[in-house]
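> Starting off with a structure, shown below.
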Amino acid sequence: MSLSIQQLLENKGITPKPEHLELLKTRWEGMQSLRSNLEGIAIDDADIAVRSIPGGDHIDN
Amino acid sequence: MMQTSPYVVFLEVITLTTDLHLKSVEELAPLLASKSLSPVELTKAILDFAEESQPKINSYMAFYREEALARAKEVEQEILQGHYKGMYHGIPMALKDNLYFKDKITTMSSKIHKDFVSDYDATVVEKLRDAGVIFTGKLSMHEYAWGITNNNPHYGPVRNPWDLDKIPGGSSGGSGAAVAAGASVASLGTDTAGSIRIPSSACGIVGLKPTHGRVSKNGCYPLAWSLDHIGPMTKTVKDAAGLLEVIAGFDHRDPTCVNVPVDNYEKQLTGNIKDLVIGINEEYFFNNVDADVEKAVRASIQSLVDSGAKVEVVRIPSLQYAEWAELVTSLSEAAAIHHSDLQKRPQDFGDDIRLLFELGELPSAVDYLQAQQVRRQIKQEFTEIFNKVDVLISPTLPVVASTIGDDFAELNGQKVDLIDNIIRFTGPSNLTGLPALSVPCGFKGNLPIGLQIIGPAFKEGRILNVGYAVEQANPQRNRKPNIFANI
């Protein structure tokens with residue numbers, strides 16, 4: 001099942017401006033083309049970029 | 001010997017001093033320190049010019065005339081009593097309207113926050129106040145800092161002092177226009193994809209995005225948490241170095257702040273760049289650039305080479321995904337911040353940012369996390385590059401300022417998407433968090449051109465020194481805009 005941009009947004013309780021729908025589609029497709037296939041990027045690398053720092057935001061020595 | 005009142009000395013000097021609003025901090029500070037110039041007279045001169053220029057450039061959101069003059073009198077006494085604190089003591093400044101002032105309205109130039117009052121000062125506001133800065137008001141910005149035109153639907157467009165029909169760039173366009181015109185001696189901007197460097201380039205001033213974590217963001221309304229930075233926007237490189245020294249430093253209240261000692265940046269401005277290795281990345285940072293912009297930037301690089309620097313061509317393959325990673329990260333983080341208002345009162349956002357918030361609801365969690373993986377690899381490649389070169393140099397923007405109301409830029413005779421092109425060269429330094437400086441290096445007609453210098457983490461002193469060398473070699477460095485030229 002493929003949801004339209006309008007449906008996707010409405011499912012989140014967001015009503016897009018009707019005149020934005022076409023622009024949103026164009027911009028979203030533009031972003032997808034920038035993404036391409038991420039060739040050369042180790043996207044499945046287990047060393048994920050998001051970190052958790054135990055002990056709070058700053059660790060003081 | 002007859003004693004002369006310091007006030008009389010102030011007045012005598014003021015009568016001989018014209019165009020105070022055009023002077024930089026490095027020119028004004030010695031006059032203030034030597035008691036040759038009164039902070040009261042300086043503040044009055046800046047406020048007078050700022051109010052006079054407001055109908056032309058629309059850079060201010062609010063003026064603090066009465067309390068600025070009262071504070072200037074206190075500062076005057078401090079200086080007269082021999083308690084001069086340093087370069088920014090007695091300097092009048094207005095700040096971008098997303099930095100909190102205790103018990104004052106901070107609007108983010110939005111309708112939704114038009115009456116928002118913070119109950120605390122931002123850390124940078126505290127630090128500037130402690131350094132003796134006199135606040136003259138708050139400056140306009142692109143709504144919620146989410147755009148690059150400063151064409152604000154609620155408060156009107158900010159105009160570029162070099163050409164009132166052109167945008168000042170954004171999102172810190174009020175800061176850019178005010179500093180360039182002289183309505184604020186210096187200012188601060190915030191930068192998530194280039195919002196310090198873009199208006200600095202477009203308005204012909206110096207803009208520094210420090211290393212992520214170098215300056216506390218406590219008390220700054222966020223646009224995208226992991227990409228946001230606060231930094232100086234000034235008339236000269238020396239002013240930027242001095243201002244960074246005031247605002248930099250660790251702060252427990254900002255979870256992204258990094259505990260690294262603050263350098264004496266001003267002392268590093270020797271202009272000596274002998275044996276400096278400049279990295280040039282042709283594929284990304286010199287691809288699809290306006291011919292006049294490219295010519296000016298390459299001429300500046302040549303002037304550095306003539307002074308003893310060397311150039312090395314470098315490759316950074318993962319940069320091809322930088323734009324995607326920047327967009328997914330910034331759109332998602334910004335949409336998360338404004339999600340509730342987008343559900344409940346979308347009509348209160350300007351159309352342009354409402355569209356961006358709607359777009360930010362579309363990437364999946366997987367998209368966001370993959371963007372962070374891309375980001376990590378871009379960071380690694382930059383780290384490796386900085387083992388070979390000292391700095392990277394590029395144009396700040398591929399184009400000069402566009403016309404207010406246009407959603408396109410002119411690039412070598414072609415109309416190209418404005419936002420995509422404006423952030424192309426600035427965005428990567430938000431992803432990496434590395435410091436980046438924009439310095440004026442020439443003009444296309446009467447519109448300024450900026451050159452960007454990127455350095456390794458926490459090496460702000462190095463990029464400032466290279467910027468200082470660029471500034472000193474620029475034969476047009478003393479050119480000023482005149483917003484009243486056509487009256």
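Residue names in the structure tokens use chain letters A, B, ... in the order shown, residue numbers from 1 in each chain, and ligand numbers from 1 in the order shown.
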For A:Ile5, list every protein, DNA or RNA residue within 9 Å, evaluated using only C-alpha atoms, and leave out those in the same chain fewer than 4 positions away; present the list as an NGL selection string.
(:A and (9-10 or 21 or 24-25)) or (:B and (362))
> Can those selected residues be exported to a file as a short mmCIF file (atom, residue, chain, number, x, y, z; two decimals), in the first residue's frame so that it contains C-alpha atoms?

data_model
loop_
_atom_site.label_atom_id
_atom_site.label_comp_id
_atom_site.auth_asym_id
_atom_site.auth_seq_id
_atom_site.Cartn_x
_atom_site.Cartn_y
_atom_site.Cartn_z
CA LEU A 9 0.34 14.12 6.67
CA GLU A 10 -3.35 13.72 7.56
CA LEU A 21 0.66 19.40 -2.33
CA LEU A 24 5.66 18.95 -1.57
CA LYS A 25 5.63 16.13 -4.13
CA LEU B 362 7.85 13.02 5.45
#
> Near chain A, meaning an atom within 9 Å, which residues of chain B appear when counting only C-alpha atoms? Write them as a short mmCIF file (atom, residue, chain, number, x, y, z; two decimals) with N, CA and C atoms, in the first residue's frame.

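The new file out.cif reads:
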data_model
loop_
_atom_site.label_atom_id
_atom_site.label_comp_id
_atom_site.auth_asym_id
_atom_site.auth_seq_id
_atom_site.Cartn_x
_atom_site.Cartn_y
_atom_site.Cartn_z
N HIS B 252 27.36 24.20 31.21
CA HIS B 252 26.61 23.00 31.58
C HIS B 252 25.18 23.02 31.07
N ASP B 254 24.02 23.85 28.24
CA ASP B 254 23.85 23.41 26.85
C ASP B 254 24.44 22.01 26.73
N PRO B 255 23.59 20.99 26.50
CA PRO B 255 24.10 19.62 26.45
C PRO B 255 25.09 19.35 25.32
N THR B 256 25.13 20.23 24.32
CA THR B 256 26.05 20.01 23.20
C THR B 256 27.37 20.76 23.39
N CYS B 257 27.49 21.52 24.46
CA CYS B 257 28.69 22.33 24.68
C CYS B 257 29.89 21.43 25.02
N VAL B 258 31.05 21.78 24.52
CA VAL B 258 32.24 20.95 24.72
C VAL B 258 33.23 21.72 25.58
N ASN B 259 33.83 20.99 26.55
CA ASN B 259 34.73 21.65 27.49
C ASN B 259 36.16 21.72 26.94
N PRO B 317 34.76 12.48 -1.41
CA PRO B 317 33.68 11.83 -2.18
C PRO B 317 32.31 11.86 -1.51
N SER B 318 32.25 11.73 -0.19
CA SER B 318 30.93 11.64 0.46
C SER B 318 30.17 12.97 0.43
N GLN B 320 28.99 14.33 -1.95
CA GLN B 320 27.87 14.24 -2.90
C GLN B 320 26.54 13.95 -2.19
N TYR B 321 26.62 13.44 -0.96
CA TYR B 321 25.39 13.16 -0.20
C TYR B 321 25.12 14.20 0.89
N ALA B 322 25.96 15.23 0.93
CA ALA B 322 25.85 16.21 2.01
C ALA B 322 24.50 16.93 1.98
N GLU B 323 24.07 17.31 0.78
CA GLU B 323 22.83 18.07 0.67
C GLU B 323 21.65 17.25 1.18
N TRP B 324 21.64 15.98 0.82
CA TRP B 324 20.55 15.10 1.28
C TRP B 324 20.58 14.96 2.80
N ALA B 325 21.77 14.70 3.34
CA ALA B 325 21.88 14.51 4.79
C ALA B 325 21.50 15.79 5.54
N LEU B 327 19.45 18.16 4.45
CA LEU B 327 18.00 18.38 4.33
C LEU B 327 17.21 17.46 5.26
N VAL B 328 17.53 16.16 5.24
CA VAL B 328 16.79 15.21 6.08
C VAL B 328 16.94 15.57 7.56
N HIS B 339 5.98 20.53 15.49
CA HIS B 339 4.95 19.55 15.15
C HIS B 339 3.58 19.93 15.72
N LEU B 342 2.07 22.89 14.03
CA LEU B 342 1.69 22.55 12.65
C LEU B 342 0.35 21.81 12.65
N GLN B 343 0.08 21.06 13.70
CA GLN B 343 -1.22 20.40 13.82
C GLN B 343 -2.33 21.39 14.19
N LYS B 344 -2.00 22.28 15.14
CA LYS B 344 -3.06 23.09 15.76
C LYS B 344 -3.30 24.45 15.11
N PRO B 346 -1.62 25.84 11.85
CA PRO B 346 -0.71 25.95 10.70
C PRO B 346 -0.84 27.29 9.97
N GLN B 347 -2.03 27.89 10.06
CA GLN B 347 -2.26 29.16 9.35
C GLN B 347 -1.42 30.30 9.93
N ASP B 351 3.84 31.02 4.74
CA ASP B 351 3.65 29.93 3.78
C ASP B 351 4.93 29.15 3.51
N ARG B 354 5.85 26.94 6.50
CA ARG B 354 4.83 25.89 6.68
C ARG B 354 5.11 24.74 5.72
N LEU B 355 5.47 25.10 4.49
CA LEU B 355 5.81 24.07 3.50
C LEU B 355 7.00 23.22 3.97
N LEU B 356 8.01 23.90 4.54
CA LEU B 356 9.20 23.17 5.00
C LEU B 356 8.88 22.27 6.19
N GLU B 358 5.93 20.92 6.75
CA GLU B 358 5.17 19.79 6.18
C GLU B 358 6.13 18.79 5.53
N LEU B 359 7.11 19.32 4.82
CA LEU B 359 8.11 18.44 4.17
C LEU B 359 8.89 17.65 5.22
N GLU B 361 7.90 16.39 7.86
CA GLU B 361 7.12 15.29 8.43
C GLU B 361 7.26 14.03 7.56
N LEU B 362 7.84 14.15 6.38
CA LEU B 362 7.85 13.02 5.45
C LEU B 362 9.01 12.03 5.62
N PRO B 363 10.24 12.46 5.95
CA PRO B 363 11.31 11.46 6.10
C PRO B 363 10.99 10.46 7.22
N LEU B 369 18.18 8.29 10.42
CA LEU B 369 19.36 7.60 10.95
C LEU B 369 20.40 7.34 9.86
N GLN B 370 19.93 7.07 8.64
CA GLN B 370 20.89 6.91 7.54
C GLN B 370 21.60 8.24 7.26
N ALA B 371 20.87 9.34 7.40
CA ALA B 371 21.51 10.66 7.21
C ALA B 371 22.62 10.85 8.24
N GLN B 372 22.41 10.33 9.46
CA GLN B 372 23.46 10.46 10.49
C GLN B 372 24.67 9.59 10.15
N GLN B 373 24.42 8.45 9.51
CA GLN B 373 25.54 7.61 9.06
C GLN B 373 26.35 8.33 7.97
N VAL B 374 25.62 8.96 7.05
CA VAL B 374 26.29 9.73 6.00
C VAL B 374 27.12 10.84 6.64
N ARG B 375 26.51 11.47 7.60
CA ARG B 375 27.16 12.59 8.29
C ARG B 375 28.46 12.14 8.95
N ARG B 376 28.41 10.97 9.57
CA ARG B 376 29.60 10.44 10.24
C ARG B 376 30.73 10.22 9.23
N GLN B 377 30.35 9.73 8.06
CA GLN B 377 31.39 9.47 7.05
C GLN B 377 31.95 10.77 6.47
#
> Extract the full set of helix (DSSP H, G or I) residues from stretch 231-427 of chain B according to DSSP on the backbone, and format it as a PyMOL selection string.
chain B and resi 237-247+266-268+282-285+291-306+317-344+346-348+351-360+365-385+418-422+427
> For atom CA of B:Ala50 and atom CA of B:Cys441, determine how far apart the two atoms are, in Å to one decimal place.
26.2 Å
> With only C-alpha atoms as the basis for distance, which of B:Asn465, B:Ser140, B:Asn474, B:Asn58 is at the shortest distance from B:Asp97?
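For B:Asp97, the nearest of the candidates is B:Ser140.
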> Please provide the set of residues having any atom within 10 Å of B:Ala473, restricted to only C-alpha atoms, with same-chain residues fewer than 6 positions apart removed, written as a ChimeraX atom specification.
/B:271,300,303-304,307,441,467
